[in-house]
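K.L.:
Please read through the structure below; I'll follow up with questions.
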Amino acid sequence: MTRSQGWTSSDVDRLLPVWASRAVAVLCAVAVVVPVGYMLLLSVTPDANVALGDVSLWNLDFGNYLTMWSQAPLASGLLNTLIISGLAALVSVVLGSLAAYPLARYGFRGQKGFLYSLLATQTVPGATLLLPIFVVFSWLQTFLGITFIGSYYTIILTYMTFGLPLSTWLMVTYMRTIPKELEEAALVDGCTRTGALFRVVLPIAVPAMVVAFVFAFLVGWNDVLFASVLTRSGTQTLAIAMDQFANTSAGSGIPLYGQLMAAGVVSSLPVVVLYLLFQRRMVEGLSAGAVK
């Protein structure tokens with residue numbers, strides 16, 4: 001059937017019928033909303049009711065959000081995670097942007113190999129790097145007499161080993177879409193190459209920088225493996241505090257599932273807020289260069 005026989009351009013371009021598209025959208029929404037909604041419901045249900053399976057909208061109790069702080073060092077873990085993940089992501093984006101500019105604008109021998117090596121680092125399982133990183137910091141600690149294991153800068157550098165290559169790759173991809181004529185115009189107006197970078201290129205590349213920051217931030221926010229080895233009680237992250245909370249609730253008389261779900265909700269809020277604040281910039285950064 002041709003368009004003249006009743007088909008519109010949108011109908012021709014559809015991969016699925018309208019009813020099938022809506023059904024898939026509903027199924028995807030249910031798969032996302034139901035677990036989150038159940039976690040929210042458990043977070044406002046008393047622990048005793050959760051243990052008995054008595055979960056309903058008629059037994060709401062917001063006391064879990066107050067009592068959970070005494071079960072594990074969640075407050076200090078949350079603060080440490082924000083500091084560690086935020087600094088690691090910020091430094092990764094700054095250094096990645098500075099490294100991406102010459103990679104995007106100049107050609108040199110070994111450039112492609114270097115770029116592919118950045119991408120290859122993302123395929124290496126983190127578990128295989130845990131022992132080498134721990135051995136290196138232990139050797140430096142013994143040789144220099146400086147405390148590395150358990151310090152802030154150690155875990156920040158560790159997260160940067162994953163966030164920096166990703167940030168550099170994202171920034172290279174984005175900067176290649178920025179017309180060189182903009183920099184040439186800035187040079188004609190008297191800017192130096194560095195001035196053109198900071199006054200022209202980087203302001204345009206803000207969407208990509210936001211995407212790189214969010215991804216680098218999530219590296220530290222979701223990590224448990226490295227934080228369990230490279231932190232101590234004063235620098236432990238939220239993931240370690242949540243793990244201790246889960247072990248405590250499992251060994252108690254009444255499982256503290258309500259408080260554990262409340263802690264899960266609180267630990268999810270910073271990332272949710274981060275996505276909501278930078279949603280528009282992230283869409284621009286992720287779709288940059290797609291049309292070009």
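Each chain in the structure tokens gets a letter, A, B and so on, in the order shown; residues start at 1 in every chain, and ligands are counted from 1 in the order they appear.
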Give me the residues within 10 Å of stretch 89-92 of chain A as a list of chain:residue names, counting only C-alpha atoms and dropping any in the same chain fewer than 5 places off.

P.N.:
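My list of contacting residues is A:Ile83, A:Ile84, A:Ser97, A:Leu98, A:Ile156, A:Leu157, A:Tyr159, A:Met160, A:Thr161, A:Phe162, A:Gly163, A:Leu164, A:Pro165, A:Leu166, A:Ser167, A:Thr168, A:Met209, A:Val210, A:Ala212, A:Phe213, A:Val214, A:Phe215, A:Ala216, A:Phe217, A:Leu218, A:Val219, A:Gly220.
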
K.L.:
Would you list the contacts of A:Ala186 as a ChimeraX atom specification, taking every protein, DNA or RNA residue within 12 Å and counting only C-alpha atoms, but skipping same-chain residues closer than 6 positions in sequence?

P.N.:
/A:180,192-201

K.L.:
With C-alpha atoms kept, could you save the residues just selected as a PDB file, in the first residue's frame?

P.N.:
```pdb
ATOM      1  CA  LYS A 180      37.748  24.543  13.349  1.00  0.00           C
ATOM      2  CA  THR A 192      46.238  32.426  21.572  1.00  0.00           C
ATOM      3  CA  ARG A 193      45.666  28.715  21.023  1.00  0.00           C
ATOM      4  CA  THR A 194      45.123  28.313  24.774  1.00  0.00           C
ATOM      5  CA  GLY A 195      42.744  31.258  24.800  1.00  0.00           C
ATOM      6  CA  ALA A 196      40.746  29.757  21.940  1.00  0.00           C
ATOM      7  CA  LEU A 197      40.502  26.511  23.889  1.00  0.00           C
ATOM      8  CA  PHE A 198      39.185  28.109  27.071  1.00  0.00           C
ATOM      9  CA  ARG A 199      37.066  30.844  25.472  1.00  0.00           C
ATOM     10  CA  VAL A 200      35.608  29.021  22.468  1.00  0.00           C
ATOM     11  CA  VAL A 201      36.001  25.237  22.539  1.00  0.00           C
TER      12      VAL A 201
END
```

K.L.:
Using only C-alpha atoms, which residues sit within 12 Å of A:Pro35 once same-chain residues fewer than 6 positions away are excluded, as a list in words?

P.N.:
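These residues fall inside the cut-off: Cys28, Ala29, Leu41, Leu42, Met261 and Val265 of chain A.
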
K.L.:
Report the distance between atom CA of A:Leu74 and atom CA of A:Leu260 in Å, rounded to one decimal place.

P.N.:
10.9 Å

K.L.:
Can you work out the spacing between atom CA of A:Leu277 and atom CA of A:Phe245 in Å, to one decimal?

P.N.:
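Calculated distance between atom CA of A:Leu277 and atom CA of A:Phe245 is 29.5 Å.
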
K.L.:
For a quick check of understanding, using only C-alpha atoms, which of A:Ile155, A:Ala25, A:Gln259, A:Pro203 has the smallest distance to A:Trp221?

P.N.:
A:Ile155

K.L.:
So the first atom is atom CA of A:Asn49 and the second is atom CA of A:Leu256; what is the distance between them in Å, to one decimal place?

P.N.:
10.4 Å

K.L.:
Please list as a PyMOL selection string every residue within 7 Å of A:Ala208, counting only C-alpha atoms and excluding residues in the same chain fewer than 3 positions away.

P.N.:
chain A and resi 170-171+174+205+211-212+285

K.L.:
Could you save the residues just selected, with C-alpha atoms, as a compact mmCIF listing (two decimals), in the first residue's frame?

P.N.:
```txt
# COMPACT_ATOMS: atom_id res chain seq x y z
CA LEU A 170 33.99 11.30 25.13
CA MET A 171 35.61 14.72 24.83
CA TYR A 174 32.63 15.75 20.84
CA ALA A 205 31.80 21.40 24.88
CA VAL A 211 28.08 13.58 30.34
CA ALA A 212 31.69 12.74 31.16
CA GLY A 285 26.13 15.55 24.90
```

K.L.:
As a VMD selection string, please: every residue in stretch 14-150 of chain A that DSSP puts in helix (DSSP H, G or I).

P.N.:
chain A and resid 18 to 43 47 to 52 64 to 70 74 to 105 111 to 121 126 to 144

K.L.:
Which neighbours of A:Arg232 fall inside 12 Å, counting only C-alpha atoms, when residues of the same chain fewer than 5 positions from it are skipped, and could you give them as number ranges by chain?

P.N.:
A: 76-77, 80, 147-152, 154-155, 226-227, 237, 240-241

K.L.:
Create the file for the chosen residues now, containing N, CA and C atoms and written as an mmCIF file, in the first residue's frame.

P.N.:
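So the final result, stored in selection-v8.cif, reads:
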```cif
data_model
loop_
_atom_site.group_PDB
_atom_site.id
_atom_site.type_symbol
_atom_site.label_atom_id
_atom_site.label_comp_id
_atom_site.auth_asym_id
_atom_site.auth_seq_id
_atom_site.Cartn_x
_atom_site.Cartn_y
_atom_site.Cartn_z
ATOM 1 N N SER A 76 28.461 9.517 57.344
ATOM 2 C CA SER A 76 29.865 9.709 56.964
ATOM 3 C C SER A 76 30.167 9.035 55.630
ATOM 4 N N GLY A 77 29.546 7.862 55.377
ATOM 5 C CA GLY A 77 29.746 7.192 54.100
ATOM 6 C C GLY A 77 29.211 8.006 52.945
ATOM 7 N N ASN A 80 31.624 10.974 52.449
ATOM 8 C CA ASN A 80 32.878 10.518 51.833
ATOM 9 C C ASN A 80 32.686 10.191 50.353
ATOM 10 N N THR A 147 51.269 7.383 54.121
ATOM 11 C CA THR A 147 50.082 6.523 54.181
ATOM 12 C C THR A 147 49.265 6.671 52.908
ATOM 13 N N PHE A 148 49.181 5.609 52.150
ATOM 14 C CA PHE A 148 48.372 5.591 50.936
ATOM 15 C C PHE A 148 47.086 4.788 51.143
ATOM 16 N N ILE A 149 47.221 3.596 51.668
ATOM 17 C CA ILE A 149 46.048 2.741 51.865
ATOM 18 C C ILE A 149 45.153 3.346 52.935
ATOM 19 N N GLY A 150 43.945 3.675 52.541
ATOM 20 C CA GLY A 150 42.983 4.270 53.456
ATOM 21 C C GLY A 150 42.859 5.773 53.354
ATOM 22 N N SER A 151 43.628 6.408 52.473
ATOM 23 C CA SER A 151 43.564 7.859 52.330
ATOM 24 C C SER A 151 42.606 8.254 51.208
ATOM 25 N N TYR A 152 42.218 9.510 51.230
ATOM 26 C CA TYR A 152 41.294 10.007 50.212
ATOM 27 C C TYR A 152 41.936 9.999 48.824
ATOM 28 N N THR A 154 44.222 8.259 47.537
ATOM 29 C CA THR A 154 44.454 6.947 46.931
ATOM 30 C C THR A 154 43.216 6.453 46.203
ATOM 31 N N ILE A 155 42.071 6.517 46.858
ATOM 32 C CA ILE A 155 40.842 6.035 46.227
ATOM 33 C C ILE A 155 40.414 6.973 45.099
ATOM 34 N N PHE A 226 36.880 -1.793 45.077
ATOM 35 C CA PHE A 226 38.077 -1.038 45.431
ATOM 36 C C PHE A 226 37.916 -0.325 46.776
ATOM 37 N N ALA A 227 36.709 0.148 47.052
ATOM 38 C CA ALA A 227 36.479 0.840 48.315
ATOM 39 C C ALA A 227 36.638 -0.091 49.508
ATOM 40 N N THR A 237 33.249 4.489 51.982
ATOM 41 C CA THR A 237 32.204 5.089 51.161
ATOM 42 C C THR A 237 30.827 4.554 51.551
ATOM 43 N N ILE A 240 30.221 0.738 51.159
ATOM 44 C CA ILE A 240 30.724 -0.087 52.261
ATOM 45 C C ILE A 240 29.818 0.033 53.468
ATOM 46 N N ALA A 241 29.325 1.228 53.749
ATOM 47 C CA ALA A 241 28.395 1.398 54.865
ATOM 48 C C ALA A 241 27.101 0.629 54.625
#
```

K.L.:
If we count only C-alpha atoms, what is near A:Leu225 at a cut-off of 9 Å, once residues fewer than 6 positions away on the same chain are taken out, given as a list in words?

P.N.:
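In the requested format, the answer is Gly126, Ala127 and Leu130 of chain A.
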